[in-house]
Amino acid sequence: MQMETYAGCGAGCAGCPRRQLCFGRETPLEAFERDNPGQGTLRIQAFRGPQTLPVEGVQVVVSHTFADGTSHIYFTGVTDESGLIDSISLPAPALSQSLHPGDAHPSAVYTVRSQADGFVPMENTVDIFQGIKTVQPLQLRLE
């Protein structure tokens, strides 16, 4: 019987059900997404000063950093004329994991990096929960 050989990720097999044969174990991204089967949403609100003037054109990157130090970018975008990016969908732990009294409320933690011309770049962390829209205000400071 002839053995089939499988190409690695570079061949586009990231979603292949036989991926385990290629690598023999889960990648950090696969493990994270397995542990976070739910979906939560994130809304970004960029303002100059204490939520006074909306800032258009803020570049936003949302990523998750794994225990091994690698990271995965889940979203990149730019704020609109109202300083908003709405309905960014992100993996989150199943709601059933937070239904027992006394247990911690599980969330998935993401890093939000933002930058815009004339403003100091920012980095924030945000918790995402299944079925919840989290609002992350970005209070930008002039350079």
# chains A, B, ... in the order shown; residues from 1 in each chain; ligands from 1
>>> residues_around(residues="Leu42 of chain A", least_positions_apart="3", cutoff="10 Å", atoms="only C-alpha atoms", output="list in words")
Gln45, Val62, Ile85, Asp86, Ser87, Ile88, Ser89, Leu90, Val126, Asp127, Ile128, Phe129, Ile132, Lys133, Thr134, Val135 and Gln136 of chain A
>>> write_last_selection(atoms="N, CA and C atoms", output="mmCIF file, in the first residue's frame")
data_model
loop_
_atom_site.group_PDB
_atom_site.id
_atom_site.type_symbol
_atom_site.label_atom_id
_atom_site.label_comp_id
_atom_site.auth_asym_id
_atom_site.auth_seq_id
_atom_site.Cartn_x
_atom_site.Cartn_y
_atom_site.Cartn_z
ATOM 1 N N GLN A 45 -14.013 52.536 19.699
ATOM 2 C CA GLN A 45 -14.424 53.937 19.653
ATOM 3 C C GLN A 45 -13.190 54.797 19.903
ATOM 4 N N VAL A 62 -6.207 43.860 15.896
ATOM 5 C CA VAL A 62 -6.642 43.044 17.032
ATOM 6 C C VAL A 62 -5.982 41.679 16.888
ATOM 7 N N ILE A 85 -15.208 51.436 14.700
ATOM 8 C CA ILE A 85 -15.184 50.161 13.985
ATOM 9 C C ILE A 85 -16.129 49.284 14.786
ATOM 10 N N ASP A 86 -17.153 48.771 14.130
ATOM 11 C CA ASP A 86 -18.185 48.038 14.865
ATOM 12 C C ASP A 86 -18.248 46.584 14.426
ATOM 13 N N SER A 87 -18.688 45.745 15.340
ATOM 14 C CA SER A 87 -18.979 44.330 15.083
ATOM 15 C C SER A 87 -17.798 43.511 14.584
ATOM 16 N N ILE A 88 -16.674 43.622 15.280
ATOM 17 C CA ILE A 88 -15.532 42.750 15.016
ATOM 18 C C ILE A 88 -15.832 41.432 15.721
ATOM 19 N N SER A 89 -15.963 40.354 14.974
ATOM 20 C CA SER A 89 -16.298 39.052 15.545
ATOM 21 C C SER A 89 -15.023 38.312 15.938
ATOM 22 N N LEU A 90 -14.984 37.815 17.184
ATOM 23 C CA LEU A 90 -13.791 37.155 17.715
ATOM 24 C C LEU A 90 -14.164 35.875 18.467
ATOM 25 N N VAL A 126 -8.170 43.538 25.921
ATOM 26 C CA VAL A 126 -9.618 43.508 26.055
ATOM 27 C C VAL A 126 -10.073 42.058 26.205
ATOM 28 N N ASP A 127 -11.047 41.835 27.092
ATOM 29 C CA ASP A 127 -11.638 40.514 27.301
ATOM 30 C C ASP A 127 -12.877 40.389 26.435
ATOM 31 N N ILE A 128 -13.011 39.243 25.752
ATOM 32 C CA ILE A 128 -14.166 38.986 24.900
ATOM 33 C C ILE A 128 -14.931 37.791 25.468
ATOM 34 N N PHE A 129 -16.255 37.955 25.614
ATOM 35 C CA PHE A 129 -17.145 36.926 26.133
ATOM 36 C C PHE A 129 -18.138 36.536 25.051
ATOM 37 N N ILE A 132 -21.546 38.667 23.887
ATOM 38 C CA ILE A 132 -21.476 40.013 24.464
ATOM 39 C C ILE A 132 -20.721 40.934 23.509
ATOM 40 N N LYS A 133 -21.229 42.170 23.349
ATOM 41 C CA LYS A 133 -20.489 43.173 22.595
ATOM 42 C C LYS A 133 -19.667 43.986 23.592
ATOM 43 N N THR A 134 -18.364 43.922 23.452
ATOM 44 C CA THR A 134 -17.447 44.666 24.303
ATOM 45 C C THR A 134 -17.082 45.960 23.595
ATOM 46 N N VAL A 135 -17.149 47.075 24.312
ATOM 47 C CA VAL A 135 -16.783 48.368 23.749
ATOM 48 C C VAL A 135 -15.414 48.757 24.297
ATOM 49 N N GLN A 136 -14.472 49.024 23.388
ATOM 50 C CA GLN A 136 -13.127 49.438 23.783
ATOM 51 C C GLN A 136 -12.908 50.884 23.345
#
>>> residues_around(residues="Thr111 of chain A", least_positions_apart="5", cutoff="9 Å", atoms="only C-alpha atoms", output="PyMOL selection string")
chain A and resi 61-65+123-126
>>> residues_around(residues="Leu140 of chain A", least_positions_apart="5", cutoff="8 Å", atoms="only C-alpha atoms", output="PDB file with N, CA and C atoms, in the first residue's frame")
ATOM      1  N   ALA A  46     -12.703  55.470  18.862  1.00  0.00           N
ATOM      2  CA  ALA A  46     -11.496  56.293  18.972  1.00  0.00           C
ATOM      3  C   ALA A  46     -11.875  57.760  19.150  1.00  0.00           C
ATOM      4  N   PHE A  47     -11.325  58.372  20.207  1.00  0.00           N
ATOM      5  CA  PHE A  47     -11.599  59.767  20.529  1.00  0.00           C
ATOM      6  C   PHE A  47     -10.300  60.503  20.810  1.00  0.00           C
ATOM      7  N   ARG A  48     -10.324  61.798  20.558  1.00  0.00           N
ATOM      8  CA  ARG A  48      -9.221  62.670  20.983  1.00  0.00           C
ATOM      9  C   ARG A  48      -9.638  63.265  22.314  1.00  0.00           C
ATOM     10  N   GLY A  49      -8.824  63.051  23.317  1.00  0.00           N
ATOM     11  CA  GLY A  49      -9.170  63.550  24.643  1.00  0.00           C
ATOM     12  C   GLY A  49     -10.196  62.654  25.308  1.00  0.00           C
ATOM     13  N   PHE A 119      -0.757  61.122  16.536  1.00  0.00           N
ATOM     14  CA  PHE A 119      -1.137  60.614  17.851  1.00  0.00           C
ATOM     15  C   PHE A 119      -0.139  59.569  18.338  1.00  0.00           C
ATOM     16  N   VAL A 120      -0.039  59.417  19.637  1.00  0.00           N
ATOM     17  CA  VAL A 120       0.824  58.415  20.251  1.00  0.00           C
ATOM     18  C   VAL A 120       0.217  57.031  20.000  1.00  0.00           C
ATOM     19  N   MET A 122      -0.999  53.286  20.645  1.00  0.00           N
ATOM     20  CA  MET A 122      -1.534  52.707  21.886  1.00  0.00           C
ATOM     21  C   MET A 122      -1.613  51.197  21.780  1.00  0.00           C
TER      22      MET A 122
END
>>> atom_distance(atom1="atom CA of Gln130 of chain A", atom2="atom CA of Val112 of chain A")
18.1 Å
>>> closest_residue(among="A:Val60, A:Val109, A:Ile73, A:Val55", to="Asn36 of chain A", atoms="only C-alpha atoms")
A:Val109
>>> decode(residues="segment 110-142 of chain A", atoms="N, CA, C and O atoms", output="mmCIF file, in the first residue's frame")
data_model
loop_
_atom_site.group_PDB
_atom_site.id
_atom_site.type_symbol
_atom_site.label_atom_id
_atom_site.label_comp_id
_atom_site.auth_asym_id
_atom_site.auth_seq_id
_atom_site.Cartn_x
_atom_site.Cartn_y
_atom_site.Cartn_z
ATOM 1 N N TYR A 110 -7.523 39.630 24.120
ATOM 2 C CA TYR A 110 -6.938 40.106 22.869
ATOM 3 C C TYR A 110 -6.166 41.392 23.112
ATOM 4 O O TYR A 110 -6.436 42.119 24.071
ATOM 5 N N THR A 111 -5.229 41.677 22.232
ATOM 6 C CA THR A 111 -4.483 42.924 22.251
ATOM 7 C C THR A 111 -5.009 43.803 21.126
ATOM 8 O O THR A 111 -5.165 43.344 19.995
ATOM 9 N N VAL A 112 -5.299 45.057 21.460
ATOM 10 C CA VAL A 112 -5.752 46.036 20.472
ATOM 11 C C VAL A 112 -4.638 47.072 20.335
ATOM 12 O O VAL A 112 -4.340 47.802 21.281
ATOM 13 N N ARG A 113 -4.025 47.115 19.157
ATOM 14 C CA ARG A 113 -2.992 48.117 18.866
ATOM 15 C C ARG A 113 -3.597 49.148 17.930
ATOM 16 O O ARG A 113 -4.277 48.799 16.969
ATOM 17 N N SER A 114 -3.334 50.423 18.220
ATOM 18 C CA SER A 114 -3.890 51.485 17.383
ATOM 19 C C SER A 114 -2.840 52.551 17.142
ATOM 20 O O SER A 114 -1.990 52.817 18.000
ATOM 21 N N GLN A 115 -2.921 53.140 15.940
ATOM 22 C CA GLN A 115 -2.027 54.244 15.605
ATOM 23 C C GLN A 115 -2.680 55.122 14.558
ATOM 24 O O GLN A 115 -3.463 54.656 13.733
ATOM 25 N N ALA A 116 -2.371 56.409 14.641
ATOM 26 C CA ALA A 116 -2.871 57.389 13.685
ATOM 27 C C ALA A 116 -1.858 58.519 13.606
ATOM 28 O O ALA A 116 -1.166 58.812 14.599
ATOM 29 N N ASP A 117 -1.771 59.134 12.457
ATOM 30 C CA ASP A 117 -0.845 60.252 12.278
ATOM 31 C C ASP A 117 -1.122 61.335 13.303
ATOM 32 O O ASP A 117 -2.279 61.729 13.517
ATOM 33 N N GLY A 118 -0.045 61.786 13.965
ATOM 34 C CA GLY A 118 -0.161 62.865 14.937
ATOM 35 C C GLY A 118 -0.524 62.430 16.339
ATOM 36 O O GLY A 118 -0.596 63.254 17.241
ATOM 37 N N PHE A 119 -0.757 61.122 16.536
ATOM 38 C CA PHE A 119 -1.137 60.614 17.851
ATOM 39 C C PHE A 119 -0.139 59.569 18.338
ATOM 40 O O PHE A 119 0.513 58.882 17.545
ATOM 41 N N VAL A 120 -0.039 59.417 19.637
ATOM 42 C CA VAL A 120 0.824 58.415 20.251
ATOM 43 C C VAL A 120 0.217 57.031 20.000
ATOM 44 O O VAL A 120 -0.978 56.833 20.273
ATOM 45 N N PRO A 121 0.990 56.057 19.478
ATOM 46 C CA PRO A 121 0.455 54.691 19.311
ATOM 47 C C PRO A 121 0.036 54.118 20.661
ATOM 48 O O PRO A 121 0.633 54.423 21.695
ATOM 49 N N MET A 122 -0.999 53.286 20.645
ATOM 50 C CA MET A 122 -1.534 52.707 21.886
ATOM 51 C C MET A 122 -1.613 51.197 21.780
ATOM 52 O O MET A 122 -1.721 50.640 20.685
ATOM 53 N N GLU A 123 -1.596 50.555 22.956
ATOM 54 C CA GLU A 123 -1.822 49.111 23.045
ATOM 55 C C GLU A 123 -2.691 48.861 24.265
ATOM 56 O O GLU A 123 -2.358 49.283 25.365
ATOM 57 N N ASN A 124 -3.823 48.198 24.059
ATOM 58 C CA ASN A 124 -4.761 47.868 25.135
ATOM 59 C C ASN A 124 -5.043 46.379 25.102
ATOM 60 O O ASN A 124 -4.927 45.751 24.049
ATOM 61 N N THR A 125 -5.463 45.820 26.225
ATOM 62 C CA THR A 125 -5.966 44.450 26.240
ATOM 63 C C THR A 125 -7.462 44.507 26.496
ATOM 64 O O THR A 125 -7.958 45.411 27.177
ATOM 65 N N VAL A 126 -8.170 43.538 25.921
ATOM 66 C CA VAL A 126 -9.618 43.508 26.055
ATOM 67 C C VAL A 126 -10.073 42.058 26.205
ATOM 68 O O VAL A 126 -9.517 41.166 25.569
ATOM 69 N N ASP A 127 -11.047 41.835 27.092
ATOM 70 C CA ASP A 127 -11.638 40.514 27.301
ATOM 71 C C ASP A 127 -12.877 40.389 26.435
ATOM 72 O O ASP A 127 -13.722 41.289 26.414
ATOM 73 N N ILE A 128 -13.011 39.243 25.752
ATOM 74 C CA ILE A 128 -14.166 38.986 24.900
ATOM 75 C C ILE A 128 -14.931 37.791 25.468
ATOM 76 O O ILE A 128 -14.339 36.754 25.770
ATOM 77 N N PHE A 129 -16.255 37.955 25.614
ATOM 78 C CA PHE A 129 -17.145 36.926 26.133
ATOM 79 C C PHE A 129 -18.138 36.536 25.051
ATOM 80 O O PHE A 129 -18.561 37.387 24.255
ATOM 81 N N GLN A 130 -18.567 35.278 25.049
ATOM 82 C CA GLN A 130 -19.540 34.813 24.055
ATOM 83 C C GLN A 130 -20.846 35.587 24.186
ATOM 84 O O GLN A 130 -21.376 35.775 25.282
ATOM 85 N N GLY A 131 -21.370 36.035 23.041
ATOM 86 C CA GLY A 131 -22.664 36.693 23.002
ATOM 87 C C GLY A 131 -22.696 38.112 23.551
ATOM 88 O O GLY A 131 -23.758 38.709 23.659
ATOM 89 N N ILE A 132 -21.546 38.667 23.887
ATOM 90 C CA ILE A 132 -21.476 40.013 24.464
ATOM 91 C C ILE A 132 -20.721 40.934 23.509
ATOM 92 O O ILE A 132 -19.707 40.548 22.943
ATOM 93 N N LYS A 133 -21.229 42.170 23.349
ATOM 94 C CA LYS A 133 -20.489 43.173 22.595
ATOM 95 C C LYS A 133 -19.667 43.986 23.592
ATOM 96 O O LYS A 133 -20.215 44.640 24.482
ATOM 97 N N THR A 134 -18.364 43.922 23.452
ATOM 98 C CA THR A 134 -17.447 44.666 24.303
ATOM 99 C C THR A 134 -17.082 45.960 23.595
ATOM 100 O O THR A 134 -16.745 45.952 22.414
ATOM 101 N N VAL A 135 -17.149 47.075 24.312
ATOM 102 C CA VAL A 135 -16.783 48.368 23.749
ATOM 103 C C VAL A 135 -15.414 48.757 24.297
ATOM 104 O O VAL A 135 -15.223 48.802 25.519
ATOM 105 N N GLN A 136 -14.472 49.024 23.388
ATOM 106 C CA GLN A 136 -13.127 49.438 23.783
ATOM 107 C C GLN A 136 -12.908 50.884 23.345
ATOM 108 O O GLN A 136 -12.701 51.157 22.166
ATOM 109 N N PRO A 137 -12.966 51.832 24.289
ATOM 110 C CA PRO A 137 -12.667 53.215 23.919
ATOM 111 C C PRO A 137 -11.154 53.399 23.770
ATOM 112 O O PRO A 137 -10.372 52.812 24.520
ATOM 113 N N LEU A 138 -10.768 54.186 22.788
ATOM 114 C CA LEU A 138 -9.356 54.544 22.587
ATOM 115 C C LEU A 138 -9.244 56.045 22.781
ATOM 116 O O LEU A 138 -9.710 56.820 21.951
ATOM 117 N N GLN A 139 -8.664 56.447 23.884
ATOM 118 C CA GLN A 139 -8.502 57.864 24.190
ATOM 119 C C GLN A 139 -7.125 58.284 23.681
ATOM 120 O O GLN A 139 -6.113 58.099 24.341
ATOM 121 N N LEU A 140 -7.097 58.828 22.458
ATOM 122 C CA LEU A 140 -5.840 59.152 21.792
ATOM 123 C C LEU A 140 -5.244 60.449 22.323
ATOM 124 O O LEU A 140 -5.954 61.402 22.633
ATOM 125 N N ARG A 141 -3.903 60.428 22.398
ATOM 126 C CA ARG A 141 -3.159 61.614 22.847
ATOM 127 C C ARG A 141 -2.295 62.110 21.703
ATOM 128 O O ARG A 141 -1.681 61.322 20.993
ATOM 129 N N LEU A 142 -2.227 63.428 21.563
ATOM 130 C CA LEU A 142 -1.388 64.027 20.530
ATOM 131 C C LEU A 142 0.091 63.738 20.815
ATOM 132 O O LEU A 142 0.491 63.671 21.975
#
